[in-house]
Amino acid sequence: MVGRGSSVYANDVLGGEVVLVTGGGSGIGLATAWAAVAGGAAGVAIAGRKGHRLEAAAEVLVERGEAEGYDCRILPVVMDIRHLASVESGIATVIDVFGRIDVVVNNAGGQYVSPAEDISPKGWRAVVDTNLTGTWNVLVGVFAALDAAAPDKAALRGLRCVNVVADMWAGMPHMAHSGAARAGVVNLTHTLAVEWARYGIRINAVAPGIIVSSGLDSYPAPVRAALPSIAAACPTGRGGTESEVAAAIIFLASSGASYVNGAVLRVDGGSSLRKGIELSSFFPPHPAIPPYHSAPFLADKYGAFIQASRL
Ligand SMILES: CCCCC/C=C/C(=O)SCCNC(=O)CCNC(=O)[C@H](O)C(C)(C)COP(=O)(O)OP(=O)(O)OC[C@H]1O[C@@H](n2cnc3c(N)ncnc32)[C@H](O)[C@@H]1OP(=O)(O)O
Ligand SMILES: NC(=O)C1=CN([C@@H]2O[C@H](COP(=O)(O)OP(=O)(O)OC[C@H]3O[C@@H](n4cnc5c(N)ncnc54)[C@H](OP(=O)(O)O)[C@@H]3O)[C@@H](O)[C@H]2O)C=CC1
């Protein structure tokens with residue numbers, strides 16, 4: 001069954017569950033929060049530092065959810081993932097309101113562009129604290145709260161965690177802090193997938209390629225200007241959309257992925273297969289076959305960018 005509205009999944013893929021999305025006030029996180037609503041979640045908590053942004057996002061989710069006939073409560077939670085005390089207090093609020101957490105999406109993150117030699121100690125700490133320690137804080141924060149919620153670790157059973165990382169396998173030039181932190185999150189994902197499996201927890205990761213999201217707006221103009229051609233160089237010929245990453249996250253959170261644990265799902269149109277791209281560039285395109293165009297499944301506001309990126 002294909003879901004109604006804009007869901008690519010059945011409307012009960014997350015039926016009655018409670019989902020916490022960090023960075024849920026914008027971009028990929030907001031698209032994930034929406035996908036959870038459309039997947040039948042009973043409650044979606046969106047966390048971030050900026051209360052006004054979360055309130056605005058919650059309003060959008062509630063309005064759209066009501067318009068499409070979903071029954072989901074949205075909870076904006078101000079939380080700075082860099083600080084464990086803030087994370088603990090945010091998670092306590094989620095559990096007070098919803099009584100449980102079934103899915104955690106560690107999506108909050110970011111970095112800035114800088115030659116490695118110019119990254120200051122404070123800048124290094126900011127990015128590593130956000131992406132690596134922040135993810136760790138949320139994971140251990142949720143674990144501790146659910147452990148305390150019921151005896152014998154019963155509330156942990158069935159917990160699913162999805163960590164959003166980045167394509168750093170060929171290094172992340174001019175983002176050394178982020179590359180190192182994301183590689184750390186991938187290893188954390190592998191480690192906890194093994195260590196926490198005994199509690200019935202699954203933990204996986206999603207690695208987006210270039211996704212045309214609000215996050216890119218913060219990059220300097222020359223970087224933004226270069227993005228369409230970088231995106232066009234990927235085998236799929238375009239940048240991805242926020243909703244395409246969200247769909248991968250929902251899959252990993254769903255029972256459809258019940259035997260997937262410790263995986264890193266690349267959502268990058270094939271762009272991480274750089275060696276293959278290099279080799280294939282020796283062969284001209286087939287004269288009779290236009291480049292493969294895989295259209296994103298949701299119309300989105302960046303359609304023009306996506307088209308431009310295919311030139
Ligand atoms: C080629 C493109 C590939 C694309 C792949 C990935 C794309 C994405 O991930 S897009 C989505 C992510 N969104 C973002 O990256 C935007 C958000 N970015 C941030 O929030 C910051 O980069 C952050 C993680 C460092 C957090 O910033 P903030 O909370 O503002 O940090 P602080 O005020 O605590 O700053 C600490 C320290 O960090 C240095 N610094 C921060 N920003 C910059 C910058 N733009 N340029 C140079 N240095 C920066 C700086 O040292 C700061 O200290 P002070 O100098 O005392 O301000
Ligand atoms: N777009 C892309 O091409 C790619 C994105 N990614 C990753 O995907 C994730 C989502 O990015 P995207 O949606 O594009 O970008 P956004 O910048 O829109 O999303 C980042 C979110 O993280 C939140 N956040 C940042 N720092 C903190 C913090 N300390 N505590 C709590 N929340 C925080 C922000 O909210 P607030 O400011 O309110 O705290 C914001 O909602 C990020 O981890 C990003 O690095 C990875 C590869 C590529």
# chains A, B, ... in the order shown; residues from 1 in each chain; ligands from 1

$ residues_around --residues "Val162 in chain A" --least-positions-apart "5" --cutoff "8 Å" --atoms "only C-alpha atoms" --output "PyMOL selection string"
chain A and resi 103-106+203-206+249+252-253

$ residues_near_ligand --ligand "ligand 1" --cutoff "6 Å" --atoms "only C-alpha atoms and all ligand atoms" --output "PDB file with N, CA and C atoms, in the first residue's frame"
ATOM      1  N   GLY A 109      23.282  19.016  13.274  1.00  0.00           N
ATOM      2  CA  GLY A 109      24.718  19.042  12.999  1.00  0.00           C
ATOM      3  C   GLY A 109      25.043  20.149  12.028  1.00  0.00           C
ATOM      4  N   GLY A 110      26.302  20.250  11.727  1.00  0.00           N
ATOM      5  CA  GLY A 110      26.729  21.261  10.772  1.00  0.00           C
ATOM      6  C   GLY A 110      28.198  21.563  10.944  1.00  0.00           C
ATOM      7  N   GLN A 111      28.680  22.403  10.105  1.00  0.00           N
ATOM      8  CA  GLN A 111      30.084  22.782  10.096  1.00  0.00           C
ATOM      9  C   GLN A 111      30.227  24.063   9.298  1.00  0.00           C
ATOM     10  N   TYR A 112      31.429  24.556   9.226  1.00  0.00           N
ATOM     11  CA  TYR A 112      31.700  25.685   8.339  1.00  0.00           C
ATOM     12  C   TYR A 112      32.910  25.322   7.497  1.00  0.00           C
ATOM     13  N   SER A 120      40.371  27.205  14.169  1.00  0.00           N
ATOM     14  CA  SER A 120      40.836  27.558  15.520  1.00  0.00           C
ATOM     15  C   SER A 120      40.450  26.449  16.501  1.00  0.00           C
ATOM     16  N   LYS A 122      38.752  26.720  19.092  1.00  0.00           N
ATOM     17  CA  LYS A 122      37.342  26.894  19.456  1.00  0.00           C
ATOM     18  C   LYS A 122      36.416  26.382  18.345  1.00  0.00           C
ATOM     19  N   GLY A 123      36.833  26.662  17.099  1.00  0.00           N
ATOM     20  CA  GLY A 123      36.031  26.199  15.959  1.00  0.00           C
ATOM     21  C   GLY A 123      36.036  24.684  15.858  1.00  0.00           C
ATOM     22  N   ALA A 126      33.759  23.413  18.508  1.00  0.00           N
ATOM     23  CA  ALA A 126      32.337  23.668  18.204  1.00  0.00           C
ATOM     24  C   ALA A 126      31.791  22.591  17.267  1.00  0.00           C
ATOM     25  N   VAL A 127      32.569  22.250  16.252  1.00  0.00           N
ATOM     26  CA  VAL A 127      32.065  21.287  15.253  1.00  0.00           C
ATOM     27  C   VAL A 127      32.092  19.859  15.805  1.00  0.00           C
ATOM     28  N   THR A 130      29.402  19.478  18.390  1.00  0.00           N
ATOM     29  CA  THR A 130      28.064  19.410  17.800  1.00  0.00           C
ATOM     30  C   THR A 130      27.823  18.031  17.192  1.00  0.00           C
ATOM     31  N   ILE A 210      25.118  15.660  -1.563  1.00  0.00           N
ATOM     32  CA  ILE A 210      24.726  17.078  -1.560  1.00  0.00           C
ATOM     33  C   ILE A 210      23.209  17.159  -1.638  1.00  0.00           C
ATOM     34  N   GLY A 215      20.246  24.035   5.017  1.00  0.00           N
ATOM     35  CA  GLY A 215      21.592  24.049   5.583  1.00  0.00           C
ATOM     36  C   GLY A 215      22.601  24.679   4.646  1.00  0.00           C
ATOM     37  N   LEU A 216      22.403  24.520   3.341  1.00  0.00           N
ATOM     38  CA  LEU A 216      23.386  25.047   2.386  1.00  0.00           C
ATOM     39  C   LEU A 216      23.347  26.570   2.309  1.00  0.00           C
ATOM     40  N   SER A 218      23.738  28.604   4.523  1.00  0.00           N
ATOM     41  CA  SER A 218      24.714  29.247   5.412  1.00  0.00           C
ATOM     42  C   SER A 218      26.125  29.236   4.826  1.00  0.00           C
TER      43      SER A 218
END

$ closest_atom_pairs --of "range 186-278 of chain A" --to "range 4-19 of chain A" --cutoff "12 Å" --atoms "only C-alpha atoms" --output "Markdown table"
| residue | atom | partner | partner_atom | distance |
| --- | --- | --- | --- | --- |
| A:Ser243 | CA | A:Ser7 | CA | 9.8 |
| A:Glu244 | CA | A:Val8 | CA | 10.1 |
| A:Ala246 | CA | A:Ser7 | CA | 10.6 |
| A:Ala247 | CA | A:Val8 | CA | 7.6 |
| A:Ala248 | CA | A:Val8 | CA | 10.7 |
| A:Ile249 | CA | A:Val19 | CA | 11.5 |
| A:Ile250 | CA | A:Leu14 | CA | 8.2 |
| A:Phe251 | CA | A:Tyr9 | CA | 8.6 |
| A:Leu252 | CA | A:Val13 | CA | 11.0 |
| A:Ala253 | CA | A:Leu14 | CA | 8.0 |
| A:Ser254 | CA | A:Val13 | CA | 6.2 |
| A:Ser255 | CA | A:Val13 | CA | 7.6 |
| A:Gly256 | CA | A:Val13 | CA | 8.6 |
| A:Ala257 | CA | A:Val13 | CA | 11.1 |

$ closest_atom_pairs --of "chain A" --to "ligand 2" --cutoff "8 Å" --atoms "only C-alpha atoms and all ligand atoms" --output "JSON lines"
{"residue": "A:Thr22", "atom": "CA", "partner": "ligand 2", "partner_atom_place_in_ligand_line": "32 (N)", "distance": 5.8}
{"residue": "A:Gly23", "atom": "CA", "partner": "ligand 2", "partner_atom_place_in_ligand_line": "41 (O)", "distance": 3.5}
{"residue": "A:Gly24", "atom": "CA", "partner": "ligand 2", "partner_atom_place_in_ligand_line": "41 (O)", "distance": 5.4}
{"residue": "A:Gly25", "atom": "CA", "partner": "ligand 2", "partner_atom_place_in_ligand_line": "41 (O)", "distance": 4.7}
{"residue": "A:Ser26", "atom": "CA", "partner": "ligand 2", "partner_atom_place_in_ligand_line": "41 (O)", "distance": 4.4}
{"residue": "A:Gly27", "atom": "CA", "partner": "ligand 2", "partner_atom_place_in_ligand_line": "13 (O)", "distance": 3.4}
{"residue": "A:Ile28", "atom": "CA", "partner": "ligand 2", "partner_atom_place_in_ligand_line": "13 (O)", "distance": 3.8}
{"residue": "A:Gly29", "atom": "CA", "partner": "ligand 2", "partner_atom_place_in_ligand_line": "13 (O)", "distance": 5.6}
{"residue": "A:Leu30", "atom": "CA", "partner": "ligand 2", "partner_atom_place_in_ligand_line": "13 (O)", "distance": 7.5}
{"residue": "A:Ala47", "atom": "CA", "partner": "ligand 2", "partner_atom_place_in_ligand_line": "32 (N)", "distance": 6.3}
{"residue": "A:Gly48", "atom": "CA", "partner": "ligand 2", "partner_atom_place_in_ligand_line": "32 (N)", "distance": 3.6}
{"residue": "A:Arg49", "atom": "CA", "partner": "ligand 2", "partner_atom_place_in_ligand_line": "39 (O)", "distance": 3.6}
{"residue": "A:Lys50", "atom": "CA", "partner": "ligand 2", "partner_atom_place_in_ligand_line": "38 (O)", "distance": 3.8}
{"residue": "A:Gly51", "atom": "CA", "partner": "ligand 2", "partner_atom_place_in_ligand_line": "38 (O)", "distance": 6.9}
{"residue": "A:Arg53", "atom": "CA", "partner": "ligand 2", "partner_atom_place_in_ligand_line": "38 (O)", "distance": 6.2}
{"residue": "A:Leu54", "atom": "CA", "partner": "ligand 2", "partner_atom_place_in_ligand_line": "38 (O)", "distance": 7.0}
{"residue": "A:Val78", "atom": "CA", "partner": "ligand 2", "partner_atom_place_in_ligand_line": "31 (C)", "distance": 7.7}
{"residue": "A:Met79", "atom": "CA", "partner": "ligand 2", "partner_atom_place_in_ligand_line": "31 (C)", "distance": 5.5}
{"residue": "A:Asp80", "atom": "CA", "partner": "ligand 2", "partner_atom_place_in_ligand_line": "30 (N)", "distance": 3.5}
{"residue": "A:Ile81", "atom": "CA", "partner": "ligand 2", "partner_atom_place_in_ligand_line": "30 (N)", "distance": 4.0}
{"residue": "A:Arg82", "atom": "CA", "partner": "ligand 2", "partner_atom_place_in_ligand_line": "29 (N)", "distance": 5.0}
{"residue": "A:His83", "atom": "CA", "partner": "ligand 2", "partner_atom_place_in_ligand_line": "29 (N)", "distance": 7.9}
{"residue": "A:Asn106", "atom": "CA", "partner": "ligand 2", "partner_atom_place_in_ligand_line": "43 (O)", "distance": 7.8}
{"residue": "A:Asn107", "atom": "CA", "partner": "ligand 2", "partner_atom_place_in_ligand_line": "9 (C)", "distance": 4.8}
{"residue": "A:Ala108", "atom": "CA", "partner": "ligand 2", "partner_atom_place_in_ligand_line": "22 (O)", "distance": 3.4}
{"residue": "A:Gly109", "atom": "CA", "partner": "ligand 2", "partner_atom_place_in_ligand_line": "43 (O)", "distance": 3.4}
{"residue": "A:Gly110", "atom": "CA", "partner": "ligand 2", "partner_atom_place_in_ligand_line": "45 (O)", "distance": 3.9}
{"residue": "A:Gln111", "atom": "CA", "partner": "ligand 2", "partner_atom_place_in_ligand_line": "45 (O)", "distance": 6.6}
{"residue": "A:Asp129", "atom": "CA", "partner": "ligand 2", "partner_atom_place_in_ligand_line": "29 (N)", "distance": 7.9}
{"residue": "A:Thr130", "atom": "CA", "partner": "ligand 2", "partner_atom_place_in_ligand_line": "29 (N)", "distance": 5.2}
{"residue": "A:Asn131", "atom": "CA", "partner": "ligand 2", "partner_atom_place_in_ligand_line": "43 (O)", "distance": 6.9}
{"residue": "A:Gly134", "atom": "CA", "partner": "ligand 2", "partner_atom_place_in_ligand_line": "29 (N)", "distance": 6.9}
{"residue": "A:Val164", "atom": "CA", "partner": "ligand 2", "partner_atom_place_in_ligand_line": "8 (O)", "distance": 5.7}
{"residue": "A:Val165", "atom": "CA", "partner": "ligand 2", "partner_atom_place_in_ligand_line": "46 (C)", "distance": 5.5}
{"residue": "A:Ala166", "atom": "CA", "partner": "ligand 2", "partner_atom_place_in_ligand_line": "47 (C)", "distance": 4.1}
{"residue": "A:Asp167", "atom": "CA", "partner": "ligand 2", "partner_atom_place_in_ligand_line": "47 (C)", "distance": 6.4}
{"residue": "A:Ala207", "atom": "CA", "partner": "ligand 2", "partner_atom_place_in_ligand_line": "47 (C)", "distance": 6.4}
{"residue": "A:Pro208", "atom": "CA", "partner": "ligand 2", "partner_atom_place_in_ligand_line": "47 (C)", "distance": 4.5}
{"residue": "A:Gly209", "atom": "CA", "partner": "ligand 2", "partner_atom_place_in_ligand_line": "48 (C)", "distance": 5.1}
{"residue": "A:Ile210", "atom": "CA", "partner": "ligand 2", "partner_atom_place_in_ligand_line": "3 (O)", "distance": 3.8}
{"residue": "A:Ile211", "atom": "CA", "partner": "ligand 2", "partner_atom_place_in_ligand_line": "3 (O)", "distance": 3.6}
{"residue": "A:Val212", "atom": "CA", "partner": "ligand 2", "partner_atom_place_in_ligand_line": "1 (N)", "distance": 5.8}
{"residue": "A:Ser213", "atom": "CA", "partner": "ligand 2", "partner_atom_place_in_ligand_line": "14 (O)", "distance": 4.7}
{"residue": "A:Ser214", "atom": "CA", "partner": "ligand 2", "partner_atom_place_in_ligand_line": "18 (O)", "distance": 4.5}
{"residue": "A:Gly215", "atom": "CA", "partner": "ligand 2", "partner_atom_place_in_ligand_line": "15 (O)", "distance": 3.2}
{"residue": "A:Leu216", "atom": "CA", "partner": "ligand 2", "partner_atom_place_in_ligand_line": "1 (N)", "distance": 5.8}
{"residue": "A:Ser218", "atom": "CA", "partner": "ligand 2", "partner_atom_place_in_ligand_line": "17 (O)", "distance": 7.5}
{"residue": "A:Gly240", "atom": "CA", "partner": "ligand 2", "partner_atom_place_in_ligand_line": "3 (O)", "distance": 7.9}
{"residue": "A:Glu242", "atom": "CA", "partner": "ligand 2", "partner_atom_place_in_ligand_line": "13 (O)", "distance": 7.0}

$ write_last_selection --atoms "C-alpha atoms" --output "PDB file, in the first residue's frame"
ATOM      1  CA  THR A  22      17.135  16.672  16.592  1.00  0.00           C
ATOM      2  CA  GLY A  23      17.486  19.614  14.246  1.00  0.00           C
ATOM      3  CA  GLY A  24      13.811  19.025  13.472  1.00  0.00           C
ATOM      4  CA  GLY A  25      13.104  22.721  12.994  1.00  0.00           C
ATOM      5  CA  SER A  26      14.631  22.935   9.530  1.00  0.00           C
ATOM      6  CA  GLY A  27      15.816  21.143   6.421  1.00  0.00           C
ATOM      7  CA  ILE A  28      16.299  17.393   6.524  1.00  0.00           C
ATOM      8  CA  GLY A  29      15.125  17.245  10.142  1.00  0.00           C
ATOM      9  CA  LEU A  30      11.867  18.998   9.358  1.00  0.00           C
ATOM     10  CA  ALA A  47      14.596  19.635  19.010  1.00  0.00           C
ATOM     11  CA  GLY A  48      16.982  22.483  18.327  1.00  0.00           C
ATOM     12  CA  ARG A  49      18.489  25.578  19.895  1.00  0.00           C
ATOM     13  CA  LYS A  50      16.196  28.202  18.423  1.00  0.00           C
ATOM     14  CA  GLY A  51      12.756  28.189  20.014  1.00  0.00           C
ATOM     15  CA  ARG A  53      12.313  28.235  14.578  1.00  0.00           C
ATOM     16  CA  LEU A  54      10.912  25.169  16.332  1.00  0.00           C
ATOM     17  CA  VAL A  78      14.621  23.649  22.966  1.00  0.00           C
ATOM     18  CA  MET A  79      17.804  21.667  23.413  1.00  0.00           C
ATOM     19  CA  ASP A  80      21.479  22.261  22.711  1.00  0.00           C
ATOM     20  CA  ILE A  81      22.971  18.882  21.922  1.00  0.00           C
ATOM     21  CA  ARG A  82      26.449  20.115  22.798  1.00  0.00           C
ATOM     22  CA  HIS A  83      25.478  20.179  26.470  1.00  0.00           C
ATOM     23  CA  ASN A 106      20.282  12.363  15.393  1.00  0.00           C
ATOM     24  CA  ASN A 107      20.080  14.846  12.574  1.00  0.00           C
ATOM     25  CA  ALA A 108      21.293  18.079  14.214  1.00  0.00           C
ATOM     26  CA  GLY A 109      24.718  19.042  12.999  1.00  0.00           C
ATOM     27  CA  GLY A 110      26.729  21.261  10.772  1.00  0.00           C
ATOM     28  CA  GLN A 111      30.084  22.782  10.096  1.00  0.00           C
ATOM     29  CA  ASP A 129      31.058  18.956  20.077  1.00  0.00           C
ATOM     30  CA  THR A 130      28.064  19.410  17.800  1.00  0.00           C
ATOM     31  CA  ASN A 131      28.412  16.454  15.481  1.00  0.00           C
ATOM     32  CA  GLY A 134      26.155  15.993  20.457  1.00  0.00           C
ATOM     33  CA  VAL A 164      22.786  11.498  10.061  1.00  0.00           C
ATOM     34  CA  VAL A 165      26.421  11.758   8.958  1.00  0.00           C
ATOM     35  CA  ALA A 166      28.051  12.964   5.730  1.00  0.00           C
ATOM     36  CA  ASP A 167      29.994  11.568   2.805  1.00  0.00           C
ATOM     37  CA  ALA A 207      25.015   9.573   4.829  1.00  0.00           C
ATOM     38  CA  PRO A 208      23.566  12.293   2.601  1.00  0.00           C
ATOM     39  CA  GLY A 209      25.460  13.543  -0.434  1.00  0.00           C
ATOM     40  CA  ILE A 210      24.726  17.078  -1.560  1.00  0.00           C
ATOM     41  CA  ILE A 211      21.192  17.770  -0.478  1.00  0.00           C
ATOM     42  CA  VAL A 212      19.500  20.962  -1.555  1.00  0.00           C
ATOM     43  CA  SER A 213      18.475  22.015   1.924  1.00  0.00           C
ATOM     44  CA  SER A 214      18.225  25.079   4.135  1.00  0.00           C
ATOM     45  CA  GLY A 215      21.592  24.049   5.583  1.00  0.00           C
ATOM     46  CA  LEU A 216      23.386  25.047   2.386  1.00  0.00           C
ATOM     47  CA  SER A 218      24.714  29.247   5.412  1.00  0.00           C
ATOM     48  CA  GLY A 240      19.139  15.247  -3.517  1.00  0.00           C
ATOM     49  CA  GLU A 242      15.404  16.785   2.019  1.00  0.00           C
TER      50      GLU A 242
END

$ select_by_dssp --residues "range 62-122 of chain A" --states "helix (DSSP H, G or I)" --output "list in words"
Val62, Glu63, Arg64, Gly65, Glu66, Ala67, Leu84, Ala85, Ser86, Val87, Glu88, Ser89, Gly90, Ile91, Ala92, Thr93, Val94, Ile95, Asp96, Val97, Phe98, Ala116, Glu117, Asp118, Pro121 and Lys122 of chain A

$ closest_residue --among "A:Trp169, A:Tyr70, A:Tyr199, A:Trp136" --to "Lys275 in chain A" --atoms "only C-alpha atoms"
A:Trp169

$ residues_around --residues "range 58-61 of chain A" --least-positions-apart "5" --cutoff "8 Å" --atoms "only C-alpha atoms" --output "list in words"
Gly25, Ala33, Trp34, Val37, Ile46, Ile74, Leu75 and Pro76 of chain A

$ select_by_dssp --residues "range 66-306 of chain A" --states "strand (DSSP E)" --output "list in words"
Arg73, Ile74, Leu75, Pro76, Val77, Val78, Val103, Val104, Val105, Asn106, Arg160, Cys161, Val162, Asn163, Val164, Arg202, Ile203, Asn204, Ala205, Val206, Ala207, Pro208, Val264, Leu265, Arg266 and Val267 of chain A

$ atom_distance --atom1 "CA of Arg73 in chain A" --atom2 "CA of Val138 in chain A"
21.2 Å

$ residues_around --residues "Cys234 in chain A" --least-positions-apart "2" --cutoff "12 Å" --atoms "only C-alpha atoms" --output "PyMOL selection string"
chain A and resi 209-211+227-232+236-240+267-278+280-281+291-294+309-310

$ closest_residue --among "A:His177, A:Arg266, A:His52, A:Arg100" --to "Arg125 in chain A" --atoms "only C-alpha atoms"
A:His177

$ atom_distance --atom1 "CA of Val97 in chain A" --atom2 "CA of Trp196 in chain A"
25.6 Å
